[in-house]
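Shown next: run_2.cif, containing mmCIF, C-alpha atoms.
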data_structure
loop_
_atom_site.label_atom_id
_atom_site.label_comp_id
_atom_site.auth_asym_id
_atom_site.auth_seq_id
_atom_site.Cartn_x
_atom_site.Cartn_y
_atom_site.Cartn_z
CA MET A 1 -26.13 -25.46 -5.95
CA GLU A 2 -27.28 -25.73 -9.56
CA SER A 3 -29.14 -22.43 -9.42
CA PHE A 4 -26.15 -20.74 -7.75
CA PHE A 5 -23.98 -21.89 -10.64
CA ASP A 6 -26.53 -20.49 -13.11
CA PHE A 7 -26.58 -17.22 -11.21
CA LEU A 8 -22.78 -16.95 -11.46
CA GLU A 9 -22.85 -17.73 -15.17
CA LYS A 10 -25.30 -14.90 -15.77
CA ASN A 11 -23.62 -12.43 -13.38
CA SER A 12 -19.93 -12.87 -14.08
CA LEU A 13 -19.06 -9.87 -11.88
CA TYR A 14 -19.59 -12.10 -8.85
CA ILE A 15 -17.01 -14.56 -10.17
CA VAL A 16 -14.52 -11.67 -10.11
CA LEU A 17 -15.70 -10.90 -6.58
CA PHE A 18 -15.09 -14.46 -5.37
CA ILE A 19 -11.67 -14.58 -7.04
CA THR A 20 -10.66 -11.30 -5.40
CA LEU A 21 -11.99 -12.42 -2.01
CA THR A 22 -10.07 -15.70 -2.33
CA ILE A 23 -6.85 -13.79 -3.07
CA TRP A 24 -7.46 -11.46 -0.12
CA ILE A 25 -8.17 -14.36 2.27
CA GLY A 26 -5.02 -16.08 0.99
CA ILE A 27 -2.87 -12.98 1.59
CA PHE A 28 -4.44 -12.48 5.01
CA LEU A 29 -3.85 -16.10 6.11
CA HIS A 30 -0.27 -15.90 4.82
CA LEU A 31 0.35 -12.73 6.85
CA LEU A 32 -1.13 -14.44 9.92
CA SER A 33 1.21 -17.39 9.52
CA VAL A 34 4.30 -15.16 9.03
CA ASP A 35 3.19 -13.18 12.08
CA LYS A 36 2.96 -16.39 14.13
CA ARG A 37 6.34 -17.63 12.92
CA LEU A 38 8.04 -14.34 13.81
CA LYS A 39 6.52 -14.42 17.31
CA GLN A 40 7.95 -17.94 17.74
CA ILE A 41 11.42 -16.75 16.61
CA GLN A 42 11.18 -13.77 18.96
CA LYS A 43 10.45 -16.18 21.83
CA GLU A 44 13.36 -18.42 20.89
CA ILE A 45 15.81 -15.51 20.67
CA ARG A 46 14.66 -14.31 24.08
CA GLU A 47 15.20 -17.79 25.53
CA ILE A 48 18.72 -17.98 24.05
CA ASN A 49 19.56 -14.60 25.58
CA GLU A 50 18.19 -15.61 28.96
CA ASP A 51 20.10 -18.89 28.92
CA GLU A 52 23.34 -17.02 28.33
CA LYS A 53 22.72 -14.74 31.25
CA MET B 1 -0.25 -5.81 16.01
CA ASN B 2 -2.98 -7.19 18.23
CA THR B 3 -5.94 -9.33 17.22
CA PHE B 4 -8.32 -6.35 17.25
CA TRP B 5 -6.46 -4.59 14.44
CA LYS B 6 -6.05 -7.78 12.43
CA ALA B 7 -9.79 -8.49 12.69
CA THR B 8 -10.57 -4.84 11.84
CA LEU B 9 -8.32 -5.02 8.78
CA PHE B 10 -9.95 -8.24 7.61
CA VAL B 11 -13.48 -6.88 8.00
CA LEU B 12 -12.74 -3.46 6.42
CA MET B 13 -10.86 -4.87 3.42
CA THR B 14 -13.57 -7.48 2.84
CA ILE B 15 -16.22 -4.74 2.91
CA VAL B 16 -14.20 -2.68 0.40
CA ILE B 17 -13.77 -5.66 -1.95
CA ILE B 18 -17.43 -6.67 -1.84
CA ALA B 19 -18.84 -3.12 -2.09
CA GLY B 20 -16.15 -1.88 -4.47
CA ILE B 21 -16.70 -4.66 -6.97
CA THR B 22 -20.43 -5.35 -6.79
CA LEU B 23 -22.19 -2.01 -6.20
CA PRO B 24 -23.70 -0.89 -9.51
CA ILE B 25 -22.71 2.33 -11.30
CA VAL B 26 -25.79 4.13 -12.67
CA LYS B 27 -26.50 7.46 -14.43
CA SER B 28 -28.38 9.05 -11.51
CA PRO B 29 -28.20 7.11 -8.24
CA SER B 30 -31.51 7.01 -6.35
CA VAL B 31 -30.76 4.48 -3.61
CA TRP B 32 -27.80 4.36 -1.22
CA TYR B 33 -26.06 1.38 -2.81
CA GLU B 34 -25.85 2.88 -6.29
CA LEU B 35 -22.69 4.69 -7.35
CA PRO B 36 -22.69 7.70 -9.72
CA ASN B 37 -21.45 7.47 -13.28
CA ILE B 38 -18.38 9.72 -13.60
CA PRO B 39 -17.95 10.86 -17.23
CA GLY B 40 -14.72 9.51 -18.67
CA LEU B 41 -14.34 6.87 -15.98
CA GLU B 42 -17.62 4.90 -16.12
CA GLU B 43 -17.35 1.31 -14.76
CA LYS B 44 -13.59 1.71 -14.52
CA ALA B 45 -14.10 4.31 -11.78
CA LYS B 46 -14.07 1.39 -9.33
CA ILE B 47 -10.29 1.30 -9.65
CA ILE B 48 -10.27 4.24 -7.23
CA PHE B 49 -11.08 1.88 -4.33
CA PHE B 50 -7.88 -0.10 -4.89
CA HIS B 51 -5.41 1.90 -6.99
CA VAL B 52 -5.49 5.18 -5.03
CA PRO B 53 -5.11 3.48 -1.60
CA THR B 54 -2.12 1.60 -3.05
CA ALA B 55 -0.42 4.90 -3.83
CA TRP B 56 -1.57 6.24 -0.44
CA LEU B 57 0.09 3.28 1.31
CA ALA B 58 3.33 4.06 -0.54
CA VAL B 59 3.23 7.69 0.65
CA ILE B 60 2.61 6.56 4.27
CA ALA B 61 5.52 4.12 3.93
CA PHE B 62 7.91 6.78 2.65
CA LEU B 63 6.77 9.13 5.43
CA THR B 64 7.46 6.40 7.99
CA ALA B 65 10.88 5.81 6.44
CA MET B 66 11.68 9.51 6.88
CA VAL B 67 10.42 9.65 10.49
CA GLN B 68 12.44 6.54 11.40
CA GLY B 69 15.43 8.01 9.54
CA ILE B 70 15.25 11.16 11.70
CA LYS B 71 14.93 8.96 14.80
CA TYR B 72 18.01 7.02 13.73
CA LEU B 73 20.06 10.19 13.28
CA ARG B 74 19.06 11.30 16.77
CA THR B 75 19.68 8.01 18.58
CA ASN B 76 22.07 5.98 16.38
CA ASN B 77 19.95 2.97 17.32
CA PHE B 78 19.97 0.21 14.68
CA GLU B 79 16.31 -0.52 15.43
CA HIS B 80 15.28 2.71 13.68
CA ASP B 81 17.36 1.86 10.62
CA ALA B 82 15.58 -1.51 10.42
CA LYS B 83 12.21 0.25 10.69
CA SER B 84 13.19 2.81 8.05
CA ASN B 85 14.52 0.11 5.72
CA SER B 86 11.39 -2.02 6.06
CA ALA B 87 9.17 1.00 5.33
CA LEU B 88 11.28 1.85 2.26
CA GLN B 89 10.88 -1.67 0.88
CA ILE B 90 7.10 -1.61 1.30
CA GLY B 91 6.92 1.91 -0.17
CA MET B 92 8.84 0.74 -3.22
CA VAL B 93 6.66 -2.35 -3.71
CA PHE B 94 3.44 -0.35 -3.48
CA THR B 95 4.75 2.42 -5.76
CA ILE B 96 5.45 -0.26 -8.35
CA LEU B 97 1.97 -1.74 -7.77
CA ALA B 98 0.36 1.70 -8.19
CA THR B 99 2.30 2.15 -11.44
CA ILE B 100 1.25 -1.26 -12.79
CA THR B 101 -2.43 -0.95 -11.81
CA GLY B 102 -2.55 2.57 -13.21
CA SER B 103 -0.92 1.40 -16.41
CA ILE B 104 -3.45 -1.42 -16.93
CA TRP B 105 -6.26 1.08 -16.35
CA ALA B 106 -4.63 3.58 -18.75
CA LYS B 107 -4.56 0.97 -21.52
CA PHE B 108 -8.36 0.77 -21.45
CA THR B 109 -9.05 4.42 -20.69
CA TRP B 110 -6.42 6.27 -22.71
CA GLY B 111 -5.51 3.54 -25.23
CA ALA B 112 -1.93 2.69 -24.30
CA PHE B 113 -0.09 1.41 -21.25
CA TRP B 114 2.19 4.43 -21.00
CA HIS B 115 1.78 8.09 -22.08
CA TRP B 116 4.31 10.10 -20.05
CA ASP B 117 1.31 11.87 -18.55
CA PRO B 118 2.41 14.17 -15.66
CA ARG B 119 1.15 11.58 -13.16
CA GLU B 120 3.07 8.78 -14.85
CA THR B 121 6.18 10.92 -15.19
CA SER B 122 6.10 11.93 -11.53
CA ILE B 123 5.71 8.34 -10.26
CA PHE B 124 8.53 7.28 -12.60
CA ILE B 125 10.80 9.93 -11.05
CA LEU B 126 9.79 8.71 -7.58
CA LEU B 127 10.70 5.16 -8.57
CA LEU B 128 14.12 6.41 -9.70
CA ILE B 129 14.66 8.44 -6.51
CA TYR B 130 13.80 5.55 -4.18
CA GLY B 131 15.36 2.94 -6.45
CA SER B 132 18.71 4.69 -6.14
CA LEU B 133 18.32 4.61 -2.36
CA PHE B 134 18.42 0.81 -2.51
CA ALA B 135 21.46 0.97 -4.77
CA LEU B 136 23.08 3.24 -2.17
CA ARG B 137 22.19 0.88 0.69
CA SER B 138 23.55 -2.19 -1.05
CA ALA B 139 26.78 -0.41 -2.00
CA ILE B 140 27.88 0.29 1.59
CA GLU B 141 29.09 -2.54 3.81
CA ASN B 142 29.67 -0.57 6.99
CA GLU B 143 26.42 -0.82 8.91
CA GLU B 144 26.56 2.54 10.66
CA LYS B 145 27.60 4.44 7.57
CA ARG B 146 24.84 2.74 5.55
CA ALA B 147 22.21 3.55 8.16
CA LYS B 148 23.32 7.17 8.42
CA LEU B 149 23.42 7.81 4.67
CA SER B 150 20.14 6.00 4.13
CA ALA B 151 18.49 8.05 6.88
CA VAL B 152 19.66 11.34 5.37
CA TYR B 153 18.67 10.22 1.86
CA SER B 154 15.21 9.09 3.03
CA ILE B 155 14.60 12.56 4.51
CA PHE B 156 15.59 14.39 1.32
CA ALA B 157 13.75 11.85 -0.84
CA PHE B 158 10.53 12.32 1.09
CA LEU B 159 10.69 16.10 0.61
CA THR B 160 10.00 15.44 -3.08
CA VAL B 161 7.05 13.10 -2.43
CA PRO B 162 4.31 15.71 -1.70
CA PHE B 163 5.39 17.59 -4.82
CA PHE B 164 5.42 14.57 -7.14
CA VAL B 165 2.31 12.89 -5.71
CA PHE B 166 0.01 15.74 -4.71
CA ILE B 167 1.12 18.92 -6.51
CA MET B 168 2.78 18.43 -9.89
CA PRO B 169 0.12 16.12 -11.40
CA ARG B 170 -2.58 18.57 -10.29
CA ILE B 171 -1.11 21.82 -11.62
CA MET B 172 -0.14 20.39 -15.00
CA ALA B 173 -2.49 19.55 -17.84
CA GLY B 174 -2.76 15.81 -18.30
CA LEU B 175 -4.92 12.76 -18.81
CA HIS B 176 -5.07 11.48 -15.24
CA PRO B 177 -8.30 12.29 -13.32
CA GLY B 178 -7.70 15.39 -11.21
CA SER B 179 -5.29 17.08 -13.66
CA ALA B 180 -5.46 20.84 -14.13
CA ASP B 181 -7.47 20.71 -17.37
CA ASP B 182 -9.64 17.76 -16.39
CA THR B 183 -13.13 18.79 -17.42
CA ASN B 184 -14.60 15.30 -17.31
CA ALA B 185 -13.74 13.91 -13.95
CA GLY B 186 -12.52 17.04 -12.16
CA PRO B 187 -11.58 16.72 -8.51
CA VAL B 188 -12.95 13.19 -8.32
CA VAL B 189 -13.15 12.62 -4.59
CA ASP B 190 -14.89 15.87 -3.58
CA PHE B 191 -17.28 16.62 -6.39
CA GLN B 192 -17.94 13.54 -8.49
CA MET B 193 -18.35 10.83 -5.89
CA ASN B 194 -21.56 10.36 -3.91
CA SER B 195 -21.41 9.67 -0.18
CA THR B 196 -21.52 5.86 -0.59
CA MET B 197 -18.52 6.01 -2.89
CA GLN B 198 -16.67 8.32 -0.51
CA VAL B 199 -17.36 6.02 2.45
CA ILE B 200 -15.99 2.97 0.58
CA PHE B 201 -12.99 5.03 -0.56
CA TYR B 202 -12.14 6.23 2.96
CA ILE B 203 -12.68 2.75 4.47
CA SER B 204 -10.24 1.51 1.84
CA LEU B 205 -7.66 4.15 2.85
CA ILE B 206 -8.01 3.08 6.51
CA ALA B 207 -7.76 -0.63 5.61
CA PHE B 208 -4.63 -0.08 3.50
CA THR B 209 -3.08 1.98 6.31
CA ILE B 210 -3.63 -0.88 8.82
CA LEU B 211 -2.29 -3.31 6.22
CA PHE B 212 0.85 -1.18 5.93
CA VAL B 213 1.42 -1.14 9.70
CA TRP B 214 1.13 -4.93 9.83
CA ILE B 215 3.45 -5.68 6.89
CA TRP B 216 5.87 -3.05 8.17
CA LYS B 217 6.04 -4.64 11.61
CA LEU B 218 6.62 -8.08 10.10
CA GLY B 219 9.33 -6.59 7.89
CA TYR B 220 11.33 -4.74 10.53
CA LYS B 221 10.98 -7.55 13.10
CA SER B 222 12.50 -10.02 10.65
CA ILE B 223 15.38 -7.57 9.95
CA LEU B 224 15.97 -7.07 13.69
CA PHE B 225 15.89 -10.81 14.45
CA LYS B 226 18.35 -11.53 11.68
CA HIS B 227 20.57 -8.76 13.05
CA GLN B 228 20.44 -10.25 16.55
CA LEU B 229 21.26 -13.74 15.30
CA VAL B 230 24.17 -12.49 13.18
CA LYS B 231 25.56 -10.68 16.22
CA GLU B 232 25.05 -13.80 18.32
CA TYR B 233 26.90 -16.25 16.08
CA ASP B 234 29.52 -14.16 14.29
#

For the structure just supplied, provide its representation as structure tokens.
Amino acid sequence: MESFFDFLEKNSLYIVLFITLTIWIGIFLHLLSVDKRLKQIQKEIREINEDEK
Amino acid sequence: MNTFWKATLFVLMTIVIIAGITLPIVKSPSVWYELPNIPGLEEKAKIIFFHVPTAWLAVIAFLTAMVQGIKYLRTNNFEHDAKSNSALQIGMVFTILATITGSIWAKFTWGAFWHWDPRETSIFILLLIYGSLFALRSAIENEEKRAKLSAVYSIFAFLTVPFFVFIMPRIMAGLHPGSADDTNAGPVVDFQMNSTMQVIFYISLIAFTILFVWIWKLGYKSILFKHQLVKEYD
């Protein structure tokens, strides 16, 4: 762990890499959760429509 | 969008981020993972992996908006208006992002955030054209009228996109790489990039395209659901 920290201190480009990857993973996970929520809403709307029929 | 495309998007974009940021730029590349030094761009050339696909995504979005606009005019189905509207929103967001990222890059390459270079002028005009489309949409309350006008406008607006994105900045002299008098960078993609750089660039274009499809679907689904619920309870 110590040597990894030293490596990052000497090669700051990889810090940028990890920051960018973190942002990308965050955006991706957020999109996944919105996707899931919309599927749930779609299901609920379908159930409402079927109940009315 | 199914799990396959989501996984593909995640893998491709992660590859682009890792390769795009870490691969070294050297004077004369001798191994596959080294990228060539493009005069005038140097280390900043890496912006091409993120900035150009951003603009590409915007063009795809505006194209989608036009196609869905045509479909709306043919069918009068609200679904196509929702799809067109969602695409327009994403197109606008990514045009703004392309402008901002380009501007940050310009500060360190050309010395100031804004120069009214042909490329900057053309994207500014595009922002005005599509910005007024949103003003038009929000000004009309009647749903059908709004959809119809927006569809027609999105068709005419897209006719200007190839000119402002692909033609005007290339035939005019300017600072942006790929301008008519660009002796440093020239046609960047074809002549200055080595194959590794081209592969990363094209993977990035594919990844951004998948990203667009996903965000677009989320966008128009949410518009359609809201529409259904409003109809249900009003």

Taking all atoms listed in the file into account, which of B:Trp5, B:Ser86, B:Leu133, B:Thr75 comes nearest Val152 (chain B)?
->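 Smallest separation from Val152 (chain B) among the options: B:Leu133.
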
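The smallest atom-to-atom distance between Ser84 (chain B) and any of B:Trp105, B:Phe225, B:Phe156, B:Phe62, using all atoms listed in the file, is found for B:Phe62.
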
How would you write, as number ranges by chain, the residues chosen by the PyMOL selection byres ((chain B) within 8 of (chain A)) on this structure?
-> B: 10, 14, 17-18, 21-22, 215, 218, 221-222, 225, 229

With all atoms of region 10-19 of chain A from the file as input, state the centre and edge lengths in Å to one decimal of the axis-aligned box that has 4 Å extra on each side, as JSON.
{"center_x": -18.5, "center_y": -12.4, "center_z": -10.6, "size_x": 21.6, "size_y": 13.0, "size_z": 18.4}

Find the spatial neighbours of Ala151 (chain B), counting all atoms listed in the file, within a cut-off of 12 Å - ignore same-chain residues fewer than 6 positions away - and output them as a ChimeraX atom specification.
-> /B:62-78,80-85,87-88,133-134,136-137,144-145,157-158
